[in-house]
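Peer 1: The following file, data09.cif, comprises mmCIF, C-alpha atoms and all ligand atoms:
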```cif
data_model
loop_
_atom_site.label_atom_id
_atom_site.label_comp_id
_atom_site.auth_asym_id
_atom_site.auth_seq_id
_atom_site.Cartn_x
_atom_site.Cartn_y
_atom_site.Cartn_z
CA MET A 1 11.32 6.42 -17.76
CA VAL A 2 11.30 9.16 -15.12
CA SER A 3 8.02 10.96 -14.56
CA ASP A 4 7.81 14.55 -13.33
CA GLU A 5 4.62 13.74 -11.44
CA LEU A 6 5.08 13.70 -7.69
CA ASP A 7 3.25 10.71 -6.27
CA ARG A 8 3.12 11.39 -2.54
CA GLY A 9 2.24 8.28 -0.57
CA LEU A 10 2.26 6.32 -3.85
CA GLU A 11 -1.53 6.43 -3.72
CA GLY A 12 -2.86 4.76 -6.84
CA ALA A 13 0.62 3.82 -8.13
CA THR A 14 0.77 0.22 -9.33
CA VAL A 15 4.27 -1.10 -8.73
CA ALA A 16 3.90 -4.90 -8.64
CA GLU A 17 1.87 -7.75 -10.05
CA THR A 18 0.53 -10.22 -7.53
CA ARG A 19 -1.48 -13.41 -7.55
CA LEU A 20 -2.02 -13.17 -3.79
CA SER A 21 -4.95 -10.82 -3.27
CA ARG A 22 -7.22 -8.41 -5.13
CA ILE A 23 -9.09 -5.54 -3.52
CA ASP A 24 -11.96 -3.63 -5.09
CA GLY A 25 -12.55 -0.55 -2.97
CA GLU A 26 -15.72 0.45 -4.83
CA THR A 27 -17.59 -2.87 -4.62
CA GLY A 28 -16.01 -4.05 -1.38
CA ASP A 29 -14.59 -7.28 -2.80
CA LEU A 30 -11.50 -8.96 -1.43
CA VAL A 31 -10.23 -12.06 -3.19
CA VAL A 32 -7.34 -14.04 -1.70
CA ALA A 33 -5.54 -16.29 -4.20
CA GLY A 34 -8.79 -16.81 -6.07
CA PHE A 35 -11.09 -17.28 -3.06
CA PRO A 36 -13.52 -14.67 -1.76
CA VAL A 37 -12.26 -13.75 1.70
CA GLU A 38 -15.64 -14.84 3.10
CA ALA A 39 -14.99 -18.44 2.01
CA LEU A 40 -11.33 -18.62 2.97
CA ALA A 41 -11.91 -17.08 6.39
CA THR A 42 -14.56 -19.53 7.45
CA GLU A 43 -13.46 -22.73 5.70
CA ALA A 44 -9.68 -22.80 5.99
CA THR A 45 -7.28 -23.55 8.77
CA TYR A 46 -4.51 -20.97 8.99
CA GLU A 47 -2.05 -23.58 7.73
CA GLU A 48 -4.21 -24.07 4.60
CA SER A 49 -4.29 -20.32 3.98
CA VAL A 50 -0.50 -20.13 4.25
CA PHE A 51 -0.04 -23.12 1.94
CA LEU A 52 -2.42 -21.52 -0.55
CA LEU A 53 -0.45 -18.28 -0.58
CA LEU A 54 2.96 -19.94 -0.79
CA TYR A 55 2.10 -22.55 -3.42
CA ASP A 56 -0.96 -21.06 -5.16
CA ARG A 57 -3.20 -24.10 -4.62
CA LEU A 58 -4.90 -25.94 -1.80
CA PRO A 59 -2.93 -28.83 -0.30
CA THR A 60 -4.09 -32.44 -0.50
CA ALA A 61 -4.82 -34.05 2.87
CA GLU A 62 -1.36 -35.62 2.85
CA GLU A 63 0.40 -32.38 1.95
CA LEU A 64 -1.54 -30.52 4.61
CA ALA A 65 -0.55 -33.02 7.28
CA ALA A 66 3.13 -32.73 6.24
CA PHE A 67 2.92 -28.94 6.11
CA ARG A 68 1.29 -28.75 9.54
CA SER A 69 3.96 -30.89 11.13
CA ASP A 70 6.72 -28.97 9.38
CA LEU A 71 5.40 -25.66 10.77
CA ALA A 72 4.87 -27.22 14.19
CA ALA A 73 8.48 -28.45 14.22
CA ARG A 74 9.71 -24.90 13.53
CA ARG A 75 7.89 -23.27 16.47
CA GLY A 76 10.57 -23.63 19.11
CA ILE A 77 12.82 -20.81 20.27
CA GLY A 78 15.99 -21.31 22.29
CA ASP A 79 17.47 -19.85 25.44
CA GLU A 80 19.10 -16.87 23.70
CA VAL A 81 15.84 -15.71 22.17
CA ARG A 82 13.96 -16.26 25.41
CA ALA A 83 16.61 -14.15 27.15
CA VAL A 84 16.07 -11.32 24.66
CA LEU A 85 12.31 -11.50 25.20
CA ARG A 86 12.64 -11.62 28.98
CA ARG A 87 14.84 -8.53 28.83
CA ALA A 88 12.36 -6.76 26.54
CA ALA A 89 9.52 -7.59 28.92
CA GLU A 90 11.45 -6.44 31.99
CA ALA A 91 12.42 -3.21 30.26
CA GLY A 92 8.76 -2.56 29.40
CA GLU A 93 9.41 -2.63 25.65
CA PRO A 94 6.11 -2.55 23.70
CA PRO A 95 4.95 -5.86 22.16
CA MET A 96 5.76 -4.92 18.56
CA ASP A 97 9.32 -3.95 19.55
CA ALA A 98 9.68 -7.27 21.34
CA LEU A 99 8.40 -9.09 18.26
CA ARG A 100 10.94 -7.25 16.10
CA MET A 101 13.77 -8.22 18.44
CA GLY A 102 12.60 -11.80 18.86
CA ALA A 103 11.92 -12.37 15.17
CA ALA A 104 15.40 -11.11 14.31
CA ALA A 105 17.08 -13.16 17.04
CA ALA A 106 15.15 -16.33 16.22
CA THR A 107 17.54 -17.07 13.35
CA LEU A 108 20.10 -17.98 16.03
CA ASP A 109 18.35 -21.18 16.91
CA ALA A 110 15.99 -22.19 14.13
CA PRO A 111 15.17 -25.86 14.69
CA ASP A 112 16.36 -28.17 11.93
CA ALA A 113 13.04 -29.34 10.50
CA ASP A 114 13.28 -31.57 7.46
CA ASP A 115 12.96 -28.98 4.71
CA ALA A 116 12.23 -31.52 1.99
CA THR A 117 9.10 -33.10 3.45
CA ALA A 118 6.78 -30.11 3.58
CA ASP A 119 7.61 -28.19 0.47
CA PRO A 120 5.77 -29.69 -2.48
CA ASP A 121 7.59 -27.49 -4.96
CA ASP A 122 11.01 -28.11 -3.52
CA ALA A 123 13.12 -30.09 -5.98
CA THR A 124 14.52 -32.18 -3.15
CA ALA A 125 11.02 -33.43 -2.27
CA ASP A 126 10.60 -35.08 -5.66
CA PRO A 127 12.57 -38.30 -6.05
CA ASP A 128 12.56 -37.87 -9.84
CA ALA A 129 13.85 -34.33 -9.74
CA PRO A 130 17.40 -33.59 -10.88
CA ALA A 131 20.14 -33.60 -8.26
CA GLU A 132 20.03 -30.64 -5.95
CA GLY A 133 22.25 -27.76 -7.11
CA PRO A 134 23.25 -24.50 -5.49
CA VAL A 135 20.15 -22.73 -6.82
CA ASP A 136 17.83 -25.39 -5.37
CA ASP A 137 19.71 -25.17 -2.09
CA ALA A 138 19.13 -21.43 -1.98
CA ALA A 139 15.45 -21.78 -2.89
CA ALA A 140 14.91 -24.52 -0.31
CA ALA A 141 16.64 -22.44 2.36
CA ASP A 142 14.48 -19.48 1.42
CA HIS A 143 11.27 -21.50 1.70
CA ALA A 144 12.47 -22.90 5.01
CA ALA A 145 13.14 -19.36 6.30
CA ALA A 146 9.61 -18.35 5.30
CA ARG A 147 8.09 -21.28 7.17
CA ARG A 148 10.32 -20.62 10.17
CA ALA A 149 9.18 -16.99 10.42
CA ILE A 150 5.51 -17.99 10.16
CA ALA A 151 5.94 -20.76 12.74
CA ALA A 152 8.01 -18.77 15.24
CA PHE A 153 6.05 -15.49 15.39
CA PRO A 154 3.37 -16.84 17.78
CA THR A 155 6.02 -18.32 20.08
CA VAL A 156 7.93 -15.05 20.19
CA VAL A 157 4.79 -13.04 21.00
CA ALA A 158 3.50 -15.47 23.61
CA THR A 159 6.88 -15.89 25.30
CA TYR A 160 7.30 -12.13 25.63
CA TRP A 161 3.75 -11.82 26.96
CA ARG A 162 4.23 -14.49 29.61
CA TYR A 163 7.40 -12.77 30.84
CA ARG A 164 5.65 -9.43 30.86
CA ARG A 165 2.98 -10.90 33.11
CA GLY A 166 5.64 -12.36 35.39
CA GLU A 167 4.86 -15.91 34.25
CA GLU A 168 6.97 -18.66 32.78
CA PRO A 169 6.58 -19.18 29.02
CA VAL A 170 4.47 -22.10 27.84
CA ALA A 171 6.34 -24.31 25.38
CA PRO A 172 4.70 -24.82 21.98
CA ARG A 173 2.87 -28.10 21.48
CA GLU A 174 3.41 -29.80 18.15
CA ASP A 175 0.13 -31.71 18.19
CA LEU A 176 -1.94 -28.50 18.19
CA GLY A 177 -2.82 -26.43 15.14
CA HIS A 178 -1.29 -22.98 14.67
CA ALA A 179 -4.21 -21.01 16.17
CA ALA A 180 -4.87 -23.39 19.09
CA ASN A 181 -1.19 -23.51 19.99
CA TYR A 182 -0.92 -19.71 19.97
CA LEU A 183 -3.87 -19.32 22.35
CA ARG A 184 -2.51 -22.03 24.63
CA MET A 185 0.94 -20.44 24.75
CA LEU A 186 -0.68 -17.11 25.70
CA THR A 187 -2.98 -18.35 28.44
CA GLY A 188 -1.50 -21.67 29.52
CA ASP A 189 -4.98 -23.21 29.14
CA GLU A 190 -6.42 -25.51 26.53
CA PRO A 191 -8.53 -23.17 24.34
CA THR A 192 -12.16 -23.95 23.53
CA ASP A 193 -13.09 -24.96 19.98
CA ALA A 194 -15.10 -21.76 19.63
CA ALA A 195 -12.07 -19.64 20.57
CA VAL A 196 -9.78 -21.52 18.17
CA ARG A 197 -12.27 -21.15 15.34
CA GLY A 198 -12.72 -17.45 16.11
CA LEU A 199 -8.98 -16.78 16.10
CA GLU A 200 -8.44 -18.87 12.99
CA THR A 201 -11.13 -16.92 11.15
CA TYR A 202 -9.35 -13.72 12.11
CA LEU A 203 -5.94 -15.03 11.00
CA ASN A 204 -7.35 -16.07 7.62
CA THR A 205 -9.20 -12.80 7.15
CA VAL A 206 -6.18 -10.52 7.49
CA ILE A 207 -3.46 -12.75 6.02
CA ASP A 208 -3.07 -10.63 2.91
CA HIS A 209 -4.37 -7.32 1.65
CA GLY A 210 -2.77 -6.06 -1.54
CA LEU A 211 0.26 -3.86 -1.40
CA ASN A 212 -0.27 -2.41 2.05
CA ALA A 213 2.65 -0.54 3.64
CA SER A 214 4.22 -3.46 5.54
CA THR A 215 3.91 -5.83 2.57
CA PHE A 216 5.47 -3.22 0.34
CA ALA A 217 8.35 -2.85 2.80
CA ALA A 218 8.90 -6.63 2.77
CA ARG A 219 9.00 -6.57 -1.03
CA VAL A 220 11.44 -3.66 -1.09
CA VAL A 221 13.83 -5.57 1.18
CA THR A 222 13.52 -8.70 -0.95
CA SER A 223 14.08 -6.73 -4.13
CA THR A 224 17.67 -6.06 -3.03
CA GLU A 225 18.16 -9.86 -2.81
CA SER A 226 18.36 -9.58 0.95
CA ASP A 227 17.02 -12.35 3.21
CA LEU A 228 13.51 -13.11 4.45
CA VAL A 229 14.21 -12.50 8.13
CA SER A 230 15.32 -8.97 7.24
CA ALA A 231 12.14 -8.57 5.20
CA ALA A 232 9.93 -9.83 8.04
CA THR A 233 11.68 -7.62 10.58
CA ALA A 234 11.29 -4.54 8.40
CA ALA A 235 7.61 -5.36 7.89
CA VAL A 236 7.06 -5.63 11.65
CA GLY A 237 8.53 -2.14 12.02
CA VAL A 238 6.15 -0.79 9.42
CA LEU A 239 3.08 -2.51 10.84
CA LYS A 240 3.82 -1.06 14.27
CA GLY A 241 2.90 2.48 13.18
CA PRO A 242 -0.52 3.69 14.31
CA LEU A 243 -1.56 4.53 10.74
CA HIS A 244 -1.24 0.87 9.77
CA GLY A 245 -1.82 -1.74 12.47
CA GLY A 246 -2.55 0.17 15.63
CA ALA A 247 -6.33 0.83 15.61
CA PRO A 248 -7.97 -2.24 17.22
CA GLY A 249 -6.69 -1.54 20.74
CA PRO A 250 -8.32 1.92 20.86
CA VAL A 251 -11.48 0.39 19.30
CA LEU A 252 -11.71 -1.98 22.26
CA ASP A 253 -11.30 0.94 24.66
CA ASP A 254 -14.19 2.72 22.92
CA LEU A 255 -16.37 -0.41 23.00
CA ARG A 256 -15.74 -0.88 26.70
CA GLU A 257 -16.57 2.73 27.40
CA VAL A 258 -19.82 2.54 25.43
CA HIS A 259 -20.71 -0.78 27.06
CA ARG A 260 -20.21 0.81 30.44
CA SER A 261 -22.13 4.01 29.72
CA GLY A 262 -24.84 2.42 27.55
CA ASP A 263 -24.89 5.64 25.51
CA PRO A 264 -23.31 5.13 22.06
CA GLU A 265 -24.85 8.26 20.63
CA GLY A 266 -23.49 10.50 23.38
CA PHE A 267 -20.08 8.89 23.01
CA VAL A 268 -19.92 9.33 19.23
CA ARG A 269 -21.19 12.91 19.34
CA ALA A 270 -18.66 13.85 22.01
CA LYS A 271 -15.79 12.40 19.96
CA LEU A 272 -16.84 14.04 16.72
CA ASP A 273 -17.55 17.37 18.46
CA ALA A 274 -14.01 17.24 19.85
CA GLY A 275 -12.70 16.78 16.28
CA GLU A 276 -11.50 13.25 16.99
CA ARG A 277 -11.64 10.35 14.58
CA LEU A 278 -13.67 7.28 15.35
CA MET A 279 -11.36 4.30 15.44
CA GLY A 280 -12.52 1.38 13.31
CA PHE A 281 -14.17 3.58 10.65
CA GLY A 282 -12.92 4.91 7.32
CA HIS A 283 -10.43 3.38 4.92
CA ARG A 284 -7.96 4.54 2.29
CA VAL A 285 -9.15 2.04 -0.31
CA TYR A 286 -12.72 1.00 0.57
CA ARG A 287 -15.57 3.37 -0.20
CA VAL A 288 -18.06 0.83 1.15
CA ARG A 289 -18.03 -1.32 4.27
CA ASP A 290 -14.76 -3.23 4.46
CA PRO A 291 -15.66 -6.84 3.48
CA ARG A 292 -13.52 -8.11 6.33
CA ALA A 293 -15.80 -6.30 8.78
CA ALA A 294 -18.70 -8.55 7.75
CA VAL A 295 -16.58 -11.70 8.03
CA LEU A 296 -15.34 -10.75 11.49
CA GLU A 297 -18.76 -9.56 12.62
CA ALA A 298 -20.23 -12.97 11.75
CA ALA A 299 -17.32 -14.73 13.47
CA ALA A 300 -17.74 -12.55 16.57
CA GLU A 301 -21.48 -13.22 16.59
CA ARG A 302 -20.83 -16.97 16.44
CA PHE A 303 -18.24 -16.75 19.16
CA TYR A 304 -20.17 -14.53 21.56
CA GLY A 305 -23.32 -16.58 20.93
CA ALA A 306 -21.52 -19.79 21.90
CA ASP A 307 -18.95 -18.79 24.43
CA GLY A 308 -18.96 -15.13 25.38
CA ASP A 309 -20.72 -12.07 26.67
CA ALA A 310 -23.51 -11.72 24.09
CA ASP A 311 -24.42 -8.38 25.60
CA PHE A 312 -20.97 -6.96 24.79
CA PHE A 313 -21.38 -8.05 21.18
CA GLU A 314 -24.77 -6.32 20.99
CA THR A 315 -23.13 -3.14 22.27
CA ALA A 316 -20.64 -3.36 19.40
CA ARG A 317 -23.44 -3.67 16.87
CA GLU A 318 -25.41 -0.82 18.29
CA TYR A 319 -22.33 1.41 18.47
CA GLU A 320 -21.45 0.61 14.86
CA SER A 321 -24.88 1.53 13.59
CA VAL A 322 -24.97 4.82 15.53
CA ALA A 323 -21.43 5.66 14.42
CA VAL A 324 -22.04 5.01 10.72
CA ASP A 325 -25.19 7.17 10.78
CA LEU A 326 -23.52 10.05 12.58
CA LEU A 327 -20.43 9.90 10.37
CA ALA A 328 -22.70 10.12 7.31
CA GLU A 329 -24.44 13.13 8.87
CA ARG A 330 -21.14 14.88 9.63
CA LYS A 331 -19.30 13.93 6.43
CA PRO A 332 -21.97 13.68 3.74
CA ASP A 333 -19.39 13.90 0.94
CA ARG A 334 -17.17 11.12 2.18
CA ARG A 335 -18.47 7.61 2.79
CA LEU A 336 -17.02 6.52 6.11
CA ASP A 337 -17.93 2.96 6.91
CA THR A 338 -16.77 0.23 9.23
CA ASN A 339 -13.27 -1.08 8.63
CA VAL A 340 -11.58 -4.36 9.55
CA GLU A 341 -10.37 -3.12 12.92
CA PHE A 342 -13.82 -2.64 14.43
CA TYR A 343 -14.84 -6.28 14.71
CA THR A 344 -11.20 -7.34 15.06
CA ALA A 345 -11.32 -5.71 18.48
CA ALA A 346 -14.55 -7.46 19.47
CA LEU A 347 -13.46 -10.85 18.16
CA LEU A 348 -9.90 -10.90 19.51
CA HIS A 349 -11.08 -9.66 22.89
CA GLY A 350 -13.73 -12.38 22.95
CA VAL A 351 -11.38 -15.25 22.14
CA GLY A 352 -8.95 -14.15 24.84
CA VAL A 353 -6.19 -12.24 23.04
CA PRO A 354 -5.09 -9.42 25.37
CA ARG A 355 -5.69 -5.89 24.06
CA ASP A 356 -1.99 -5.09 24.06
CA LEU A 357 -1.35 -7.98 21.67
CA PHE A 358 -3.86 -7.02 18.99
CA THR A 359 -1.23 -5.59 16.64
CA THR A 360 1.24 -8.42 17.27
CA THR A 361 -1.57 -10.89 16.54
CA PHE A 362 -2.16 -9.04 13.28
CA ALA A 363 1.55 -9.68 12.55
CA VAL A 364 1.15 -13.36 13.49
CA SER A 365 -1.31 -13.61 10.62
CA ARG A 366 0.18 -11.16 8.12
CA VAL A 367 3.64 -12.73 8.22
CA GLY A 368 2.08 -15.43 5.98
CA GLY A 369 1.23 -12.77 3.40
CA TRP A 370 4.61 -11.08 3.77
CA MET A 371 6.48 -14.30 3.15
CA ALA A 372 4.37 -15.15 0.11
CA HIS A 373 4.96 -11.67 -1.31
CA CYS A 374 8.71 -12.08 -0.77
CA GLN A 375 8.66 -15.37 -2.69
CA GLU A 376 6.66 -13.72 -5.44
CA GLN A 377 9.10 -10.82 -5.57
CA ARG A 378 11.99 -13.29 -5.87
CA GLU A 379 10.32 -15.11 -8.76
CA ASN A 380 10.33 -12.04 -10.94
CA ASN A 381 12.61 -9.61 -9.20
CA ARG A 382 13.50 -6.10 -10.14
CA LEU A 383 15.17 -3.78 -7.64
CA ILE A 384 12.50 -1.42 -6.29
CA ARG A 385 14.08 1.96 -6.56
CA PRO A 386 11.82 4.99 -7.13
CA THR A 387 13.11 8.49 -7.62
CA SER A 388 12.79 11.66 -5.60
CA ARG A 389 12.56 15.27 -6.66
CA TYR A 390 15.41 17.33 -5.27
CA VAL A 391 14.20 20.54 -3.63
CA GLY A 392 17.40 21.40 -1.73
CA ALA A 393 19.97 24.12 -2.23
CA GLU A 394 22.22 24.41 -5.30
CA GLY A 395 25.63 25.96 -5.90
CA ARG A 396 26.87 26.18 -2.32
CA THR A 397 30.57 26.90 -1.76
CA TRP A 398 32.41 24.94 0.91
CA THR A 399 33.55 26.92 3.97
CA PRO A 400 36.20 25.37 6.22
CA VAL A 401 34.89 24.70 9.74
CA GLU A 402 37.01 27.37 11.43
CA GLU A 403 35.49 30.01 9.16
CA ARG A 404 31.83 29.17 9.83
N1 LIG A 501 -13.71 9.41 12.02
C1 LIG A 501 -14.05 10.67 11.74
N2 LIG A 501 -13.71 11.30 10.61
C2 LIG A 501 -12.97 10.63 9.72
C3 LIG A 501 -12.58 9.30 9.94
C4 LIG A 501 -12.97 8.69 11.14
N3 LIG A 501 -12.64 7.44 11.41
N4 LIG A 501 -11.85 8.86 8.89
C5 LIG A 501 -11.79 9.89 8.03
N5 LIG A 501 -12.46 10.95 8.54
C6 LIG A 501 -12.64 12.23 7.90
C7 LIG A 501 -11.37 13.05 7.99
O1 LIG A 501 -11.33 13.83 9.15
C8 LIG A 501 -11.44 13.88 6.75
O2 LIG A 501 -12.31 14.93 6.99
P1 LIG A 501 -11.96 16.42 6.43
O3 LIG A 501 -11.92 16.25 4.93
O4 LIG A 501 -13.08 17.26 6.94
O5 LIG A 501 -10.62 16.76 7.01
C9 LIG A 501 -12.12 12.95 5.74
O6 LIG A 501 -12.86 12.03 6.52
C10 LIG A 501 -11.13 12.21 4.85
O7 LIG A 501 -10.13 11.61 5.68
P2 LIG A 501 -8.67 11.20 5.16
O8 LIG A 501 -7.73 11.30 6.32
O9 LIG A 501 -8.32 11.92 3.91
O10 LIG A 501 -8.87 9.70 4.78
P3 LIG A 501 -7.70 8.66 4.51
O11 LIG A 501 -8.12 7.82 3.37
O12 LIG A 501 -6.37 9.30 4.44
O13 LIG A 501 -7.75 7.87 5.90
C11 LIG A 501 -7.91 6.27 7.57
C12 LIG A 501 -8.05 6.56 6.07
C13 LIG A 501 -8.17 4.79 7.82
C14 LIG A 501 -6.47 6.63 8.05
C15 LIG A 501 -8.94 7.14 8.34
O14 LIG A 501 -10.24 6.83 7.90
C16 LIG A 501 -8.82 6.96 9.85
O15 LIG A 501 -8.02 7.64 10.49
N6 LIG A 501 -9.65 6.07 10.46
C17 LIG A 501 -9.58 5.81 11.88
C18 LIG A 501 -8.41 4.89 12.22
C19 LIG A 501 -8.65 3.46 11.79
O16 LIG A 501 -9.70 2.88 12.03
N7 LIG A 501 -7.62 2.89 11.16
C20 LIG A 501 -7.67 1.51 10.70
C21 LIG A 501 -7.71 1.48 9.21
S1 LIG A 501 -7.95 -0.15 8.60
#
```
As a first step, turn the structure in this file into structure tokens.
Peer 2:
Amino acid sequence: MVSDELDRGLEGATVAETRLSRIDGETGDLVVAGFPVEALATEATYEESVFLLLYDRLPTAEELAAFRSDLAARRGIGDEVRAVLRRAAEAGEPPMDALRMGAAAATLDAPDADDATADPDDATADPDAPAEGPVDDAAAADHAAARRAIAAFPTVVATYWRYRRGEEPVAPREDLGHAANYLRMLTGDEPTDAAVRGLETYLNTVIDHGLNASTFAARVVTSTESDLVSAATAAVGVLKGPLHGGAPGPVLDDLREVHRSGDPEGFVRAKLDAGERLMGFGHRVYRVRDPRAAVLEAAAERFYGADGDADFFETAREYESVAVDLLAERKPDRRLDTNVEFYTAALLHGVGVPRDLFTTTFAVSRVGGWMAHCQEQRENNRLIRPTSRYVGAEGRTWTPVEER
């Protein structure tokens, strides 16, 4: 069926079924694999969130332990990948470009973790399952590639970052959880519990969000029966764009400026008078406050209360309230409320993620959602192939080059 309707930006077009997350933009509800985001964000470890998305249930204690060690065993990158990242850092390539290069190159030296132990749905893990055939082999390899991408992203980002700062990379430590290990690889120091919990809450909060642009790209790649590394690499490229994953860095700049001047109202008025947008406000889907803003605000409050500059957090709150009021005054017909990026900036800054790595840290989380979407696409695949309306010339006659 070909429709004549032109659907620019595919806004409102439903092109996939998913069990991974549900967004209600009117009520501000976000449900991730059956759990309200508020519960998942605060209760889960990142490994549990990934398991939930990949296998559609929570792991038992035993399964979680096996899954954690499987991911931990897949964190390492070899000399070739480190060389690529060193080169990217020396050449001043931006972090998302380095992640794209590193994620693609990391297939060169994926460590040989025991694929059977961690995958509860892998036929080879079940002693009573029929003998492994070519299809099972392919499925097991696919699941292993998903876990490899999820495990290696933090190492790629941290390795690049260390080189960019003129420091030696910090090797991943298998005894640490995903979030703690990432922070340690970035800073070289043992992170505090409060920082780990803050980062983990962030990673859980943004792991999946419907059919956003990067997730859609990952599904398009998978729909051609291509591989998961290609899907992850394409998704990184999509997330890099400022309309998708690029807002939290500028939010932090704004927060710092307001913290310094102590004048949120003057700052907001000046921006709006200049016709600029306020970063961290407004959303394509939500017509109320983004539910992830509340989750991250609470996490930031906990973190700054325990371990940070409480005054900076208060500035964020004050700025938010002034901004929402002034946006309502200026745009009475359009509800512009706080989005996920606002408290992302405050929280990630607090726990010690450098500003330049905000978007790559988003990717460190979202790769879990991407991989789960790819698996889901595989389970019930149909090539994603929309149509376009031709508006070019017709009936041209070929002129040989010497006559043009
Ligand atoms: N600050 C000021 N005005 C804003 C605004 C913001 N953050 N977001 C939207 N508006 C205004 C637009 O200027 C437009 O006004 P106009 O009708 O007078 O031209 C109106 O609200 C509608 O904006 P539109 O661009 O159609 O909304 P959208 O759904 O396409 O955009 C965003 C959604 C997220 C791209 C947009 O709100 C934005 O740019 N926000 C800032 C960047 C950001 O925080 N991004 C992270 C998103 S999670």
Peer 1: Just want the 12 Å neighbourhood of Leu10 in chain A, counted on all atoms listed in the file, with same-chain residues fewer than 6 positions away dropped. Output as number ranges by chain.
Peer 2: A: 211-213, 216, 386-388
Peer 1: Keeping only C-alpha atoms, write those residues as a compact mmCIF listing (two decimals), in the coordinates of the input.
Peer 2:
```
# COMPACT_ATOMS: atom_id res chain seq x y z
CA LEU A 211 0.26 -3.86 -1.40
CA ASN A 212 -0.27 -2.41 2.05
CA ALA A 213 2.65 -0.54 3.64
CA PHE A 216 5.47 -3.22 0.34
CA PRO A 386 11.82 4.99 -7.13
CA THR A 387 13.11 8.49 -7.62
CA SER A 388 12.79 11.66 -5.60
```
Peer 1: Near Gly368 in chain A, counting all atoms listed in the file, which residues have an atom at most 9 Å away, once you skip same-chain residues fewer than 4 positions from it, shown as a list in words?
Peer 2: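 Final neighbour list, sorted by chain and number: Ser49, Val50, Phe51, Leu53, Leu54, Ala146, Arg147, Ala149, Ile150, Ile207, Asp208, Ala363, Val364, Ala372 and His373 of chain A.
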Peer 1: Taking only C-alpha atoms into account, name the residue in A:Met185, A:Ala231, A:Leu336, A:Ala88 that is nearest to Arg287 in chain A.
Peer 2: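 Once distances to Arg287 in chain A are computed over only C-alpha atoms, the minimum belongs to A:Leu336.
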Peer 1: Residues at most 8 Å from ligand LIG 501 (chain A), using only C-alpha atoms and all ligand atoms? Could they come as a PyMOL selection string?
Peer 2: chain A and resi 242-248+251+272+275-285+327+331+334+336+339-342
Peer 1: What is the CA of Phe358 in chain A to CA of Gly249 in chain A distance in Å?
Peer 2: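 Separating CA of Phe358 in chain A from CA of Gly249 in chain A is a distance of 6.4 Å.
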Peer 1: With distances taken over all atoms listed in the file, which residue among A:Ala13, A:Ala323, A:Leu357, A:Ala328 lies nearest Ala270 in chain A?
Peer 2: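 Among the listed residues, the smallest separation from Ala270 in chain A belongs to A:Ala323.
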Peer 1: Quote the spacing between CA of Ala346 in chain A and CA of Tyr182 in chain A in Å to one decimal place.
Peer 2: 18.3 Å
Peer 1: Around (7.1, -22.0, 27.1) in the file's frame, which residues reach within 12 Å when counting all atoms listed in the file? Return as a ChimeraX atom specification?
Peer 2: /A:75-79,81-82,85-86,154-163,167-173,181-182,184-188
Peer 1: Choose the residue, out of A:Arg330, A:Arg219, A:Arg68, A:Arg57, that has the smallest atom-to-atom separation from Ala16 in chain A; count only C-alpha atoms.
Peer 2: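 Nearest candidate to Ala16 in chain A out of A:Arg330, A:Arg219, A:Arg68, A:Arg57: A:Arg219.
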Peer 1: Report the distance between CA of Arg292 in chain A and CA of Glu379 in chain A in Å, rounded to one decimal place.
Peer 2: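 So the two atoms, CA of Arg292 in chain A and CA of Glu379 in chain A, lie 29.1 Å apart.
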Peer 1: Name all residues at most 10 Å from Val37 in chain A (count all atoms listed in the file; drop same-chain ones fewer than 2 positions away) and give them as a PyMOL selection string.
Peer 2: chain A and resi 21+29-35+39-43+204-208+291-292+295
Peer 1: Give me the residues of range 209-268 of chain A that have any atom at most 10 Å from an atom of range 312-320 of chain A; for each, the nearest atom pair and the distance in Å, rounded to one decimal. Use only C-alpha atoms, sort by chain and number, and format it as a tab-separated table.
Peer 2:
```
residue	atom	partner	partner_atom	distance
A:Val251	CA	A:Ala316	CA	9.9
A:Leu252	CA	A:Ala316	CA	9.5
A:Asp254	CA	A:Tyr319	CA	9.4
A:Leu255	CA	A:Ala316	CA	6.3
A:Arg256	CA	A:Phe312	CA	8.2
A:Val258	CA	A:Thr315	CA	7.3
A:His259	CA	A:Thr315	CA	5.9
A:Arg260	CA	A:Thr315	CA	9.5
A:Gly262	CA	A:Thr315	CA	7.9
A:Asp263	CA	A:Tyr319	CA	8.6
A:Pro264	CA	A:Tyr319	CA	5.3
A:Glu265	CA	A:Tyr319	CA	7.6
A:Phe267	CA	A:Tyr319	CA	9.0
A:Val268	CA	A:Tyr319	CA	8.3
```
Peer 1: Of the residues A:Asp253, A:Glu376, A:Asp193, A:Asp290, which is the one nearest to Arg302 in chain A, using only C-alpha atoms?
Peer 2: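 Looking at the shortest contact to Arg302 in chain A, the residue is A:Asp193.
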Peer 1: Looking at all atoms listed in the file, which of A:Tyr55, A:Tyr390, A:Tyr286, A:Tyr46 is the one that sits closest to Asp337 in chain A?
Peer 2: A:Tyr286
Peer 1: A:Thr14, A:Glu403, A:Ala144, A:Ala393: which is nearest Phe67 in chain A, counting all atoms listed in the file?
Peer 2: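 The answer is A:Ala144, which sits nearest to Phe67 in chain A.
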Peer 1: Kindly assemble as JSON lines a list of the range 182-264 of chain A residues that lie within 7 Å of range 350-356 of chain A, each paired with its nearest atom pair and their distance in Å to one decimal, using all atoms listed in the file, sorted first by chain and then by ascending residue number.
Peer 2:
```
{"residue": "A:Ala195", "atom": "CA", "partner": "A:Val351", "partner_atom": "CA", "distance": 4.7}
{"residue": "A:Gly198", "atom": "CA", "partner": "A:Val351", "partner_atom": "CA", "distance": 6.6}
{"residue": "A:Leu199", "atom": "CA", "partner": "A:Val351", "partner_atom": "CA", "distance": 6.7}
{"residue": "A:Gly249", "atom": "CA", "partner": "A:Arg355", "partner_atom": "CA", "distance": 5.6}
```
